[in-house]
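Presented below is the structure to which this report refers.
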Amino acid sequence: AATGEHSLKRVLGPTNLVTLGIGAIIGTGIFVLTGQAAAQYAGPAIVLSMIVAGIASGLAGLCYSEFASTVPIAGSAYTYGYATLGEFIAWIIGWDLILEYALGGATVAVGWSGHLSSFLQDFLGITIPASIASAPCTVIAAAGCNPDSYINLPAVLIALAVTVLIVIGIKESANVNSVIVVIKVAVVLIVILGGAAFVNSANWQPFIPPNTGSFGEYGWSGVLRGAGVIFFAYIGFDAVSVAAQEAKNPQRDMPIGILGSLAICTILYILVSGVMVGLVPYRDMLGSPAPMVLAIRAAEAASGGSGLLRMMTMLVELGAIAGLSSVMVVLMMAQPRIFYSMARDGLLP
């Protein structure tokens, strides 16, 4: 039931839904996966991988848009499964989503903690002790001894902060998410525009490197494999459909939110990947946990220490922190709505 004493308030417009989608999609994928997929699978043709993954995501987004406007109830794929495939399949999908959002939220919190520690160390000279910034019982080699970590305190604190925000209300959560999205999209645009001036076109040659003899390592098979890997970077648009019961006009607004956020992120991903492989030879990004930072620092060294590139390095770290913050907001906002829908159907207390 979408109405009644305990129904959700329809307060989200199309702009809120688009920013929710962008908030969920632009996370570590754009900062990490792009460089790794270029180094291992596609080379400069990672740009084509982005296009292929974007088209595949768009087809899935069309399905989600159709469902979300036809069945404008909170619950995303769980609700669609219930309406079309029955209770048992919906119960499985519901628990899949619960696990996805719970583990996703925890993983993103850990990533946020790591980026925060790195930023504070690199730019402010502040060190967070590893014993309170790692998973409990992690063995840390430092100063000749091996103390155990007790808690990942930054991850716990950001999870609690996001929880408080979500408890305050959906409108407030959406507004905070919109502000964070503006910040991280601005960072991505600065990287694109600033990095474009330092691109070395020789790094784009050959655009599709020859196959190494193994399937999925360069060549057209590498383009497809790269698309399969970076498809993960597009995941997040499904979280928009969880808010269908809070959209003012779901028949119109849900397709705009899902497809609009996908279109914007696809364009940004294509441009960022093109700039990244133009700044540094794609093989140099192999194994790097932060390939975008590596690419900018390589360009900085080649330019003799450009102040603009130094600033861009800091902005990428800030963008990663902001990006992960908004991903947490959307994931943790979606989780209780799955509980809510399943409980209304009698599948949870």
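Here's how to read the names in the structure tokens: chain A, B, ... by the order shown, residue numbers from 1 in each chain, ligand numbers from 1 in the order shown.
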Discussion item. If we count only C-alpha atoms and set the cut-off at 8 Å, which residues sit around Val71 (chain A), ignoring sequence neighbours fewer than 4 positions away in its own chain? Please answer as a list in words.
Written reply: Phe67, Thr79 and Tyr80 of chain A
Mind dumping the selected residues with N, CA, C and O atoms as an mmCIF file, in the first residue's frame?
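Listed below is the output, selection-v5.cif:
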```cif
data_model
loop_
_atom_site.group_PDB
_atom_site.id
_atom_site.type_symbol
_atom_site.label_atom_id
_atom_site.label_comp_id
_atom_site.auth_asym_id
_atom_site.auth_seq_id
_atom_site.Cartn_x
_atom_site.Cartn_y
_atom_site.Cartn_z
ATOM 1 N N PHE A 67 9.572 -0.043 -14.601
ATOM 2 C CA PHE A 67 9.031 -0.623 -13.365
ATOM 3 C C PHE A 67 8.708 0.456 -12.335
ATOM 4 O O PHE A 67 7.659 0.423 -11.689
ATOM 5 N N THR A 79 10.336 -5.040 -4.932
ATOM 6 C CA THR A 79 8.937 -4.758 -5.247
ATOM 7 C C THR A 79 8.573 -5.245 -6.644
ATOM 8 O O THR A 79 7.499 -5.817 -6.860
ATOM 9 N N TYR A 80 9.491 -5.044 -7.601
ATOM 10 C CA TYR A 80 9.208 -5.467 -8.969
ATOM 11 C C TYR A 80 9.131 -6.990 -9.039
ATOM 12 O O TYR A 80 8.305 -7.551 -9.766
#
```
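Using only C-alpha atoms, the contacts of region 262-265 of chain A at a cut-off of 8 Å, with sequence neighbours closer than 4 positions omitted, comprise Gly21, Ile22, Ile25, Ile26, Gly54, Ser57, Gly58, Gly61, Tyr234, Phe237, Ile258 and Tyr269 of chain A.
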Store the residues picked out above, limited to all heavy atoms, as a PDB file, in the first residue's frame.
```pdb
ATOM      1  N   GLY A  21      20.946   9.661  -7.917  1.00  0.00           N
ATOM      2  CA  GLY A  21      21.585   8.715  -8.827  1.00  0.00           C
ATOM      3  C   GLY A  21      23.065   9.010  -9.022  1.00  0.00           C
ATOM      4  O   GLY A  21      23.910   8.115  -8.944  1.00  0.00           O
ATOM      5  N   ILE A  22      23.389  10.293  -9.261  1.00  0.00           N
ATOM      6  CA  ILE A  22      24.792  10.669  -9.429  1.00  0.00           C
ATOM      7  C   ILE A  22      25.560  10.389  -8.138  1.00  0.00           C
ATOM      8  O   ILE A  22      26.701   9.906  -8.159  1.00  0.00           O
ATOM      9  CB  ILE A  22      24.911  12.161  -9.801  1.00  0.00           C
ATOM     10  CG1 ILE A  22      24.248  12.412 -11.161  1.00  0.00           C
ATOM     11  CG2 ILE A  22      26.378  12.603  -9.840  1.00  0.00           C
ATOM     12  CD1 ILE A  22      24.170  13.877 -11.541  1.00  0.00           C
ATOM     13  N   ILE A  25      26.304   6.693  -8.084  1.00  0.00           N
ATOM     14  CA  ILE A  25      27.121   6.156  -9.178  1.00  0.00           C
ATOM     15  C   ILE A  25      28.571   6.624  -9.091  1.00  0.00           C
ATOM     16  O   ILE A  25      29.500   5.827  -9.212  1.00  0.00           O
ATOM     17  CB  ILE A  25      26.518   6.558 -10.547  1.00  0.00           C
ATOM     18  CG1 ILE A  25      25.141   5.904 -10.735  1.00  0.00           C
ATOM     19  CG2 ILE A  25      27.441   6.129 -11.681  1.00  0.00           C
ATOM     20  CD1 ILE A  25      24.372   6.419 -11.934  1.00  0.00           C
ATOM     21  N   ILE A  26      28.789   7.925  -8.875  1.00  0.00           N
ATOM     22  CA  ILE A  26      30.157   8.443  -8.858  1.00  0.00           C
ATOM     23  C   ILE A  26      30.775   8.184  -7.490  1.00  0.00           C
ATOM     24  O   ILE A  26      30.519   8.899  -6.525  1.00  0.00           O
ATOM     25  CB  ILE A  26      30.205   9.949  -9.179  1.00  0.00           C
ATOM     26  CG1 ILE A  26      29.693  10.202 -10.604  1.00  0.00           C
ATOM     27  CG2 ILE A  26      31.639  10.471  -9.066  1.00  0.00           C
ATOM     28  CD1 ILE A  26      29.767  11.638 -11.043  1.00  0.00           C
ATOM     29  N   GLY A  54      28.196   1.910 -20.507  1.00  0.00           N
ATOM     30  CA  GLY A  54      27.128   2.902 -20.385  1.00  0.00           C
ATOM     31  C   GLY A  54      25.875   2.480 -21.121  1.00  0.00           C
ATOM     32  O   GLY A  54      24.751   2.665 -20.624  1.00  0.00           O
ATOM     33  N   SER A  57      24.244  -0.300 -19.128  1.00  0.00           N
ATOM     34  CA  SER A  57      23.577   0.277 -17.962  1.00  0.00           C
ATOM     35  C   SER A  57      22.300   1.003 -18.371  1.00  0.00           C
ATOM     36  O   SER A  57      21.298   0.967 -17.654  1.00  0.00           O
ATOM     37  CB  SER A  57      24.514   1.254 -17.249  1.00  0.00           C
ATOM     38  OG  SER A  57      25.681   0.616 -16.818  1.00  0.00           O
ATOM     39  N   GLY A  58      22.353   1.659 -19.529  1.00  0.00           N
ATOM     40  CA  GLY A  58      21.170   2.366 -20.007  1.00  0.00           C
ATOM     41  C   GLY A  58      20.009   1.422 -20.280  1.00  0.00           C
ATOM     42  O   GLY A  58      18.848   1.743 -19.983  1.00  0.00           O
ATOM     43  N   GLY A  61      18.710   0.551 -17.058  1.00  0.00           N
ATOM     44  CA  GLY A  61      18.019   1.732 -16.535  1.00  0.00           C
ATOM     45  C   GLY A  61      16.637   1.912 -17.135  1.00  0.00           C
ATOM     46  O   GLY A  61      15.704   2.344 -16.450  1.00  0.00           O
ATOM     47  N   TYR A 234      29.094   1.850 -12.659  1.00  0.00           N
ATOM     48  CA  TYR A 234      27.789   2.447 -12.977  1.00  0.00           C
ATOM     49  C   TYR A 234      26.699   2.013 -12.003  1.00  0.00           C
ATOM     50  O   TYR A 234      25.611   2.575 -11.995  1.00  0.00           O
ATOM     51  CB  TYR A 234      27.359   2.046 -14.396  1.00  0.00           C
ATOM     52  CG  TYR A 234      28.134   2.722 -15.499  1.00  0.00           C
ATOM     53  CD1 TYR A 234      29.310   2.181 -15.996  1.00  0.00           C
ATOM     54  CD2 TYR A 234      27.679   3.906 -16.067  1.00  0.00           C
ATOM     55  CE1 TYR A 234      30.017   2.789 -17.021  1.00  0.00           C
ATOM     56  CE2 TYR A 234      28.376   4.531 -17.096  1.00  0.00           C
ATOM     57  CZ  TYR A 234      29.537   3.961 -17.563  1.00  0.00           C
ATOM     58  OH  TYR A 234      30.234   4.583 -18.574  1.00  0.00           O
ATOM     59  N   PHE A 237      22.459   3.400  -9.915  1.00  0.00           N
ATOM     60  CA  PHE A 237      21.205   3.964 -10.414  1.00  0.00           C
ATOM     61  C   PHE A 237      19.986   3.223  -9.863  1.00  0.00           C
ATOM     62  O   PHE A 237      18.895   3.791  -9.744  1.00  0.00           O
ATOM     63  CB  PHE A 237      21.176   3.960 -11.945  1.00  0.00           C
ATOM     64  CG  PHE A 237      21.200   2.594 -12.571  1.00  0.00           C
ATOM     65  CD1 PHE A 237      20.030   1.890 -12.760  1.00  0.00           C
ATOM     66  CD2 PHE A 237      22.399   2.012 -12.979  1.00  0.00           C
ATOM     67  CE1 PHE A 237      20.043   0.633 -13.347  1.00  0.00           C
ATOM     68  CE2 PHE A 237      22.429   0.765 -13.565  1.00  0.00           C
ATOM     69  CZ  PHE A 237      21.244   0.063 -13.737  1.00  0.00           C
ATOM     70  N   ILE A 258      16.550   8.215 -13.025  1.00  0.00           N
ATOM     71  CA  ILE A 258      17.392   7.057 -13.340  1.00  0.00           C
ATOM     72  C   ILE A 258      18.199   7.287 -14.609  1.00  0.00           C
ATOM     73  O   ILE A 258      19.430   7.151 -14.620  1.00  0.00           O
ATOM     74  CB  ILE A 258      16.525   5.791 -13.466  1.00  0.00           C
ATOM     75  CG1 ILE A 258      15.895   5.435 -12.109  1.00  0.00           C
ATOM     76  CG2 ILE A 258      17.350   4.617 -13.990  1.00  0.00           C
ATOM     77  CD1 ILE A 258      14.858   4.323 -12.173  1.00  0.00           C
ATOM     78  N   TYR A 269      32.363   9.860 -17.222  1.00  0.00           N
ATOM     79  CA  TYR A 269      33.272   8.709 -17.211  1.00  0.00           C
ATOM     80  C   TYR A 269      34.091   8.626 -18.488  1.00  0.00           C
ATOM     81  O   TYR A 269      35.300   8.354 -18.458  1.00  0.00           O
ATOM     82  CB  TYR A 269      32.471   7.410 -17.027  1.00  0.00           C
ATOM     83  CG  TYR A 269      32.125   7.070 -15.597  1.00  0.00           C
ATOM     84  CD1 TYR A 269      32.218   8.005 -14.578  1.00  0.00           C
ATOM     85  CD2 TYR A 269      31.695   5.794 -15.251  1.00  0.00           C
ATOM     86  CE1 TYR A 269      31.895   7.690 -13.271  1.00  0.00           C
ATOM     87  CE2 TYR A 269      31.363   5.457 -13.944  1.00  0.00           C
ATOM     88  CZ  TYR A 269      31.466   6.416 -12.961  1.00  0.00           C
ATOM     89  OH  TYR A 269      31.157   6.100 -11.671  1.00  0.00           O
TER      90      TYR A 269
END
```
Using only C-alpha atoms, tabulate the residues of region 13-66 of chain A lying at most 12 Å from any atom of region 292-301 of chain A, each with its closest atom pair and that distance in Å to one decimal, by chain and increasing residue number, as CSV.
```
residue,atom,partner,partner_atom,distance
A:Thr28,CA,A:Met292,CA,10.6
A:Gly29,CA,A:Met292,CA,10.8
A:Ile30,CA,A:Met292,CA,8.6
A:Phe31,CA,A:Met292,CA,5.8
A:Val32,CA,A:Met292,CA,6.9
A:Leu33,CA,A:Met292,CA,9.5
A:Thr34,CA,A:Met292,CA,8.3
A:Gly35,CA,A:Met292,CA,6.7
A:Gln36,CA,A:Met292,CA,9.7
A:Ala38,CA,A:Met292,CA,11.4
A:Ala39,CA,A:Ala295,CA,11.8
```
Next, the residues of the selection above should be written as an mmCIF file, in the first residue's frame with N, CA, C and O atoms.
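The file below, result_29.cif, is the result:
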```
data_model
loop_
_atom_site.group_PDB
_atom_site.id
_atom_site.type_symbol
_atom_site.label_atom_id
_atom_site.label_comp_id
_atom_site.auth_asym_id
_atom_site.auth_seq_id
_atom_site.Cartn_x
_atom_site.Cartn_y
_atom_site.Cartn_z
ATOM 1 N N THR A 28 34.130 5.283 -5.904
ATOM 2 C CA THR A 28 35.505 4.839 -6.159
ATOM 3 C C THR A 28 35.686 4.359 -7.593
ATOM 4 O O THR A 28 36.815 4.317 -8.088
ATOM 5 N N GLY A 29 34.606 3.996 -8.273
ATOM 6 C CA GLY A 29 34.728 3.478 -9.631
ATOM 7 C C GLY A 29 35.474 4.417 -10.551
ATOM 8 O O GLY A 29 36.407 4.020 -11.255
ATOM 9 N N ILE A 30 35.096 5.694 -10.523
ATOM 10 C CA ILE A 30 35.707 6.656 -11.441
ATOM 11 C C ILE A 30 37.144 6.969 -11.031
ATOM 12 O O ILE A 30 37.986 7.311 -11.855
ATOM 13 N N PHE A 31 37.454 6.848 -9.738
ATOM 14 C CA PHE A 31 38.789 7.191 -9.254
ATOM 15 C C PHE A 31 39.758 6.009 -9.288
ATOM 16 O O PHE A 31 40.965 6.181 -9.282
ATOM 17 N N VAL A 32 39.229 4.790 -9.283
ATOM 18 C CA VAL A 32 40.090 3.609 -9.160
ATOM 19 C C VAL A 32 39.950 2.657 -10.355
ATOM 20 O O VAL A 32 40.917 2.331 -11.036
ATOM 21 N N LEU A 33 38.705 2.194 -10.613
ATOM 22 C CA LEU A 33 38.498 1.137 -11.603
ATOM 23 C C LEU A 33 38.943 1.538 -13.001
ATOM 24 O O LEU A 33 39.450 0.711 -13.754
ATOM 25 N N THR A 34 38.738 2.811 -13.348
ATOM 26 C CA THR A 34 39.057 3.262 -14.700
ATOM 27 C C THR A 34 40.519 2.991 -15.051
ATOM 28 O O THR A 34 40.835 2.391 -16.079
ATOM 29 N N GLY A 35 41.436 3.408 -14.178
ATOM 30 C CA GLY A 35 42.855 3.216 -14.441
ATOM 31 C C GLY A 35 43.268 1.762 -14.434
ATOM 32 O O GLY A 35 44.073 1.320 -15.262
ATOM 33 N N GLN A 36 42.714 0.989 -13.495
ATOM 34 C CA GLN A 36 43.075 -0.421 -13.411
ATOM 35 C C GLN A 36 42.611 -1.194 -14.639
ATOM 36 O O GLN A 36 43.334 -2.046 -15.159
ATOM 37 N N ALA A 38 42.121 0.054 -17.609
ATOM 38 C CA ALA A 38 42.946 0.484 -18.746
ATOM 39 C C ALA A 38 44.293 -0.237 -18.734
ATOM 40 O O ALA A 38 44.777 -0.701 -19.768
ATOM 41 N N ALA A 39 44.896 -0.343 -17.553
ATOM 42 C CA ALA A 39 46.220 -0.963 -17.454
ATOM 43 C C ALA A 39 46.184 -2.451 -17.760
ATOM 44 O O ALA A 39 47.099 -2.992 -18.385
#
```
Practice prompt. Name all residues at most 7 Å from region 7-14 of chain A (count only C-alpha atoms; drop same-chain ones fewer than 6 positions away) and give them as a PyMOL selection string.
Written response: chain A and resi 171+245-248+253+256-257
Discussion item. Excluding Tyr64 (chain A) and its own-chain neighbours fewer than 4 positions away, which residues fall within 10 Å of it when counting only C-alpha atoms? Please give them as a PyMOL selection string.
Written reply: chain A and resi 58-60+68-70+76-77+80+237-238+240-241+254-255+258-259
Atoms to include: N, CA and C atoms. Write the selected residues as a PDB file, in the first residue's frame.
```
ATOM      1  N   GLY A  58      22.353   1.659 -19.529  1.00  0.00           N
ATOM      2  CA  GLY A  58      21.170   2.366 -20.007  1.00  0.00           C
ATOM      3  C   GLY A  58      20.009   1.422 -20.280  1.00  0.00           C
ATOM      4  N   LEU A  59      20.302   0.241 -20.835  1.00  0.00           N
ATOM      5  CA  LEU A  59      19.239  -0.743 -21.090  1.00  0.00           C
ATOM      6  C   LEU A  59      18.626  -1.213 -19.769  1.00  0.00           C
ATOM      7  N   ALA A  60      19.498  -1.465 -18.776  1.00  0.00           N
ATOM      8  CA  ALA A  60      18.978  -1.837 -17.455  1.00  0.00           C
ATOM      9  C   ALA A  60      18.196  -0.676 -16.854  1.00  0.00           C
ATOM     10  N   ALA A  68       9.639   1.401 -12.154  1.00  0.00           N
ATOM     11  CA  ALA A  68       9.474   2.415 -11.110  1.00  0.00           C
ATOM     12  C   ALA A  68       8.274   3.310 -11.374  1.00  0.00           C
ATOM     13  N   SER A  69       7.978   3.577 -12.649  1.00  0.00           N
ATOM     14  CA  SER A  69       6.819   4.412 -12.959  1.00  0.00           C
ATOM     15  C   SER A  69       5.514   3.619 -12.941  1.00  0.00           C
ATOM     16  N   THR A  70       5.611   2.309 -13.209  1.00  0.00           N
ATOM     17  CA  THR A  70       4.411   1.452 -13.192  1.00  0.00           C
ATOM     18  C   THR A  70       4.043   1.030 -11.782  1.00  0.00           C
ATOM     19  N   SER A  76      12.471  -1.023  -4.807  1.00  0.00           N
ATOM     20  CA  SER A  76      13.315  -1.326  -5.954  1.00  0.00           C
ATOM     21  C   SER A  76      13.022  -2.720  -6.520  1.00  0.00           C
ATOM     22  N   ALA A  77      14.065  -3.489  -6.811  1.00  0.00           N
ATOM     23  CA  ALA A  77      13.904  -4.782  -7.473  1.00  0.00           C
ATOM     24  C   ALA A  77      13.067  -5.760  -6.653  1.00  0.00           C
ATOM     25  N   TYR A  80       9.491  -5.044  -7.601  1.00  0.00           N
ATOM     26  CA  TYR A  80       9.208  -5.467  -8.969  1.00  0.00           C
ATOM     27  C   TYR A  80       9.131  -6.990  -9.039  1.00  0.00           C
ATOM     28  N   PHE A 237      22.459   3.400  -9.915  1.00  0.00           N
ATOM     29  CA  PHE A 237      21.205   3.964 -10.414  1.00  0.00           C
ATOM     30  C   PHE A 237      19.986   3.223  -9.863  1.00  0.00           C
ATOM     31  N   ASP A 238      20.175   1.932  -9.483  1.00  0.00           N
ATOM     32  CA  ASP A 238      19.056   1.170  -8.943  1.00  0.00           C
ATOM     33  C   ASP A 238      18.606   1.732  -7.603  1.00  0.00           C
ATOM     34  N   VAL A 240      18.067   4.726  -6.911  1.00  0.00           N
ATOM     35  CA  VAL A 240      17.068   5.772  -7.150  1.00  0.00           C
ATOM     36  C   VAL A 240      15.664   5.178  -7.075  1.00  0.00           C
ATOM     37  N   SER A 241      15.516   3.970  -7.618  1.00  0.00           N
ATOM     38  CA  SER A 241      14.178   3.367  -7.665  1.00  0.00           C
ATOM     39  C   SER A 241      13.637   3.034  -6.277  1.00  0.00           C
ATOM     40  N   MET A 254      10.668   9.417 -12.014  1.00  0.00           N
ATOM     41  CA  MET A 254      11.579   8.277 -11.858  1.00  0.00           C
ATOM     42  C   MET A 254      12.424   8.026 -13.116  1.00  0.00           C
ATOM     43  N   PRO A 255      11.821   8.008 -14.313  1.00  0.00           N
ATOM     44  CA  PRO A 255      12.674   7.846 -15.515  1.00  0.00           C
ATOM     45  C   PRO A 255      13.696   8.967 -15.656  1.00  0.00           C
ATOM     46  N   ILE A 258      16.550   8.215 -13.025  1.00  0.00           N
ATOM     47  CA  ILE A 258      17.392   7.057 -13.340  1.00  0.00           C
ATOM     48  C   ILE A 258      18.199   7.287 -14.609  1.00  0.00           C
ATOM     49  N   LEU A 259      17.512   7.649 -15.696  1.00  0.00           N
ATOM     50  CA  LEU A 259      18.205   7.796 -16.980  1.00  0.00           C
ATOM     51  C   LEU A 259      19.039   9.078 -17.022  1.00  0.00           C
TER      52      LEU A 259
END
```
Worksheet entry | Residues of region 170-322 of chain A in alpha helix (DSSP H), written as a VMD selection string | chain A and resid 170 to 196 219 to 230 238 to 241 250 to 279 291 to 302 307 to 322
Need the shell around Val199 (chain A): protein/DNA/RNA residues with any atom at most 12 Å away, counting only C-alpha atoms. Skip same-chain ones fewer than 5 positions apart. Format as a tab-separated table (two decimals) with all heavy atoms, in the first residue's frame?
```
chain	number	residue	atom	x	y	z
A	191	VAL	N	39.23	18.18	-13.13
A	191	VAL	CA	40.21	17.19	-13.57
A	191	VAL	C	40.17	17.05	-15.10
A	191	VAL	O	41.21	17.00	-15.76
A	191	VAL	CB	39.95	15.82	-12.90
A	191	VAL	CG1	40.79	14.73	-13.56
A	191	VAL	CG2	40.25	15.89	-11.41
A	192	ILE	N	38.97	17.03	-15.66
A	192	ILE	CA	38.83	16.90	-17.12
A	192	ILE	C	39.42	18.11	-17.83
A	192	ILE	O	40.25	17.99	-18.75
A	192	ILE	CB	37.35	16.72	-17.51
A	192	ILE	CG1	36.82	15.37	-17.00
A	192	ILE	CG2	37.18	16.81	-19.02
A	192	ILE	CD1	35.31	15.22	-17.13
A	193	LEU	N	39.01	19.32	-17.41
A	193	LEU	CA	39.43	20.54	-18.09
A	193	LEU	C	40.90	20.84	-17.83
A	193	LEU	O	41.65	21.22	-18.74
A	193	LEU	CB	38.55	21.70	-17.65
A	193	LEU	CG	37.06	21.58	-18.00
A	193	LEU	CD1	36.26	22.73	-17.41
A	193	LEU	CD2	36.86	21.54	-19.51
A	194	GLY	N	41.33	20.68	-16.56
A	194	GLY	CA	42.72	20.96	-16.22
A	194	GLY	C	43.66	19.92	-16.80
A	194	GLY	O	44.74	20.26	-17.32
A	204	TRP	N	48.00	7.87	-26.32
A	204	TRP	CA	46.79	7.25	-26.89
A	204	TRP	C	47.12	6.27	-28.02
A	204	TRP	O	46.21	5.68	-28.61
A	204	TRP	CB	45.85	8.33	-27.43
A	204	TRP	CG	45.15	9.12	-26.36
A	204	TRP	CD1	44.89	8.75	-25.08
A	204	TRP	CD2	44.60	10.44	-26.51
A	204	TRP	NE1	44.23	9.74	-24.41
A	204	TRP	CE2	44.03	10.80	-25.26
A	204	TRP	CE3	44.53	11.35	-27.55
A	204	TRP	CZ2	43.40	12.02	-25.04
A	204	TRP	CZ3	43.90	12.57	-27.34
A	204	TRP	CH2	43.34	12.91	-26.10
A	272	VAL	N	36.69	11.52	-18.42
A	272	VAL	CA	37.74	11.30	-17.42
A	272	VAL	C	38.70	10.20	-17.87
A	272	VAL	O	39.92	10.33	-17.74
A	272	VAL	CB	37.12	10.93	-16.05
A	272	VAL	CG1	38.14	10.25	-15.15
A	272	VAL	CG2	36.60	12.18	-15.36
A	273	SER	N	38.15	9.10	-18.40
A	273	SER	CA	39.01	8.00	-18.81
A	273	SER	C	39.91	8.43	-19.96
A	273	SER	O	41.09	8.05	-20.03
A	273	SER	CB	38.17	6.77	-19.21
A	273	SER	OG	37.28	7.08	-20.27
A	274	GLY	N	39.38	9.24	-20.89
A	274	GLY	CA	40.20	9.72	-22.00
A	274	GLY	C	41.35	10.59	-21.53
A	274	GLY	O	42.49	10.47	-22.01
A	275	VAL	N	41.07	11.48	-20.57
A	275	VAL	CA	42.12	12.35	-20.03
A	275	VAL	C	43.15	11.53	-19.26
A	275	VAL	O	44.37	11.73	-19.39
A	275	VAL	CB	41.50	13.44	-19.13
A	275	VAL	CG1	42.59	14.17	-18.33
A	275	VAL	CG2	40.71	14.44	-19.96
A	276	MET	N	42.68	10.56	-18.47
A	276	MET	CA	43.59	9.79	-17.62
A	276	MET	C	44.62	9.03	-18.44
A	276	MET	O	45.81	9.05	-18.14
A	276	MET	CB	42.79	8.83	-16.74
A	276	MET	CG	43.63	8.22	-15.61
A	276	MET	SD	42.74	6.98	-14.66
A	276	MET	CE	41.35	7.89	-14.07
A	277	VAL	N	44.16	8.33	-19.49
A	277	VAL	CA	45.12	7.56	-20.30
A	277	VAL	C	45.95	8.46	-21.20
A	277	VAL	O	46.93	8.02	-21.79
A	277	VAL	CB	44.41	6.47	-21.14
A	277	VAL	CG1	43.82	5.40	-20.24
A	277	VAL	CG2	43.33	7.09	-22.04
A	278	GLY	N	45.57	9.75	-21.31
A	278	GLY	CA	46.38	10.70	-22.04
A	278	GLY	C	47.47	11.33	-21.19
A	278	GLY	O	48.46	11.83	-21.71
A	279	LEU	N	47.31	11.28	-19.86
A	279	LEU	CA	48.30	11.89	-18.96
A	279	LEU	C	49.49	10.97	-18.71
A	279	LEU	O	50.61	11.45	-18.49
A	279	LEU	CB	47.63	12.23	-17.61
A	279	LEU	CG	46.65	13.41	-17.61
A	279	LEU	CD1	46.01	13.55	-16.23
A	279	LEU	CD2	47.33	14.70	-18.01
A	280	VAL	N	49.26	9.67	-18.71
A	280	VAL	CA	50.33	8.73	-18.36
A	280	VAL	C	50.15	7.46	-19.19
A	280	VAL	O	49.01	7.07	-19.49
A	280	VAL	CB	50.27	8.41	-16.84
A	280	VAL	CG1	48.97	7.71	-16.47
A	280	VAL	CG2	51.46	7.59	-16.39
A	281	PRO	N	51.24	6.79	-19.60
A	281	PRO	CA	51.10	5.51	-20.31
A	281	PRO	C	50.25	4.54	-19.50
A	281	PRO	O	50.47	4.38	-18.29
A	281	PRO	CB	52.54	5.02	-20.45
A	281	PRO	CG	53.36	6.28	-20.44
A	281	PRO	CD	52.66	7.20	-19.50
A	295	ALA	N	48.27	9.30	-12.26
A	295	ALA	CA	48.31	9.95	-13.57
A	295	ALA	C	48.60	11.44	-13.44
A	295	ALA	O	49.42	12.01	-14.18
A	295	ALA	CB	46.99	9.72	-14.31
A	296	ILE	N	47.94	12.08	-12.48
A	296	ILE	CA	48.13	13.53	-12.31
A	296	ILE	C	49.53	13.83	-11.81
A	296	ILE	O	50.18	14.79	-12.26
A	296	ILE	CB	47.06	14.09	-11.34
A	296	ILE	CG1	45.66	13.95	-11.98
A	296	ILE	CG2	47.34	15.55	-11.03
A	296	ILE	CD1	44.52	14.29	-11.04
A	298	ALA	N	52.21	12.04	-12.33
A	298	ALA	CA	53.14	11.80	-13.44
A	298	ALA	C	53.16	13.01	-14.37
A	298	ALA	O	54.22	13.44	-14.83
A	298	ALA	CB	52.74	10.54	-14.20
A	299	ALA	N	51.98	13.55	-14.65
A	299	ALA	CA	51.91	14.74	-15.50
A	299	ALA	C	52.57	15.93	-14.81
A	299	ALA	O	53.22	16.76	-15.45
A	299	ALA	CB	50.45	15.06	-15.83
A	300	GLU	N	52.41	16.02	-13.48
A	300	GLU	CA	53.03	17.10	-12.71
A	300	GLU	C	54.55	17.03	-12.82
A	300	GLU	O	55.23	18.05	-13.02
A	300	GLU	CB	52.59	16.99	-11.24
A	300	GLU	CG	53.18	18.08	-10.34
A	300	GLU	CD	52.83	17.85	-8.87
A	300	GLU	OE1	51.98	16.98	-8.59
A	300	GLU	OE2	53.41	18.54	-8.02
A	302	ALA	N	56.27	15.57	-15.22
A	302	ALA	CA	56.66	15.85	-16.60
A	302	ALA	C	56.62	17.34	-16.92
A	302	ALA	O	57.36	17.83	-17.78
A	302	ALA	CB	55.76	15.09	-17.57
A	303	SER	N	55.76	18.08	-16.22
A	303	SER	CA	55.61	19.51	-16.49
A	303	SER	C	56.57	20.36	-15.65
A	303	SER	O	56.54	21.59	-15.73
A	303	SER	CB	54.17	19.95	-16.20
A	303	SER	OG	53.89	19.84	-14.81
A	309	LEU	N	48.46	21.16	-11.41
A	309	LEU	CA	48.37	19.71	-11.23
A	309	LEU	C	48.50	19.32	-9.77
A	309	LEU	O	47.87	18.36	-9.32
A	309	LEU	CB	49.45	19.02	-12.07
A	309	LEU	CG	49.21	19.09	-13.59
A	309	LEU	CD1	50.43	18.62	-14.35
A	309	LEU	CD2	47.99	18.27	-13.98
```
Worksheet entry | Atomic separation - CA of Ile170 (chain A) relative to CA of Val18 (chain A), Å |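 It comes out at 14.7 Å.
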Fill in: Selection: 8 Å around Leu153 (chain A), only C-alpha atoms, excl. self and same-chain fewer than 4 positions, as a ChimeraX atom specification
/A:132-134,157
Discussion item. Give me, as an NGL selection string, all polymer residues having an atom no more than 12 Å from Thr107 (chain A), counting only C-alpha atoms and skipping those fewer than 2 positions away in the same chain.
Written reply: :A and (27-28 or 99-105 or 109-114 or 135 or 152 or 155-156 or 159 or 324-325 or 327-328 or 331-332)
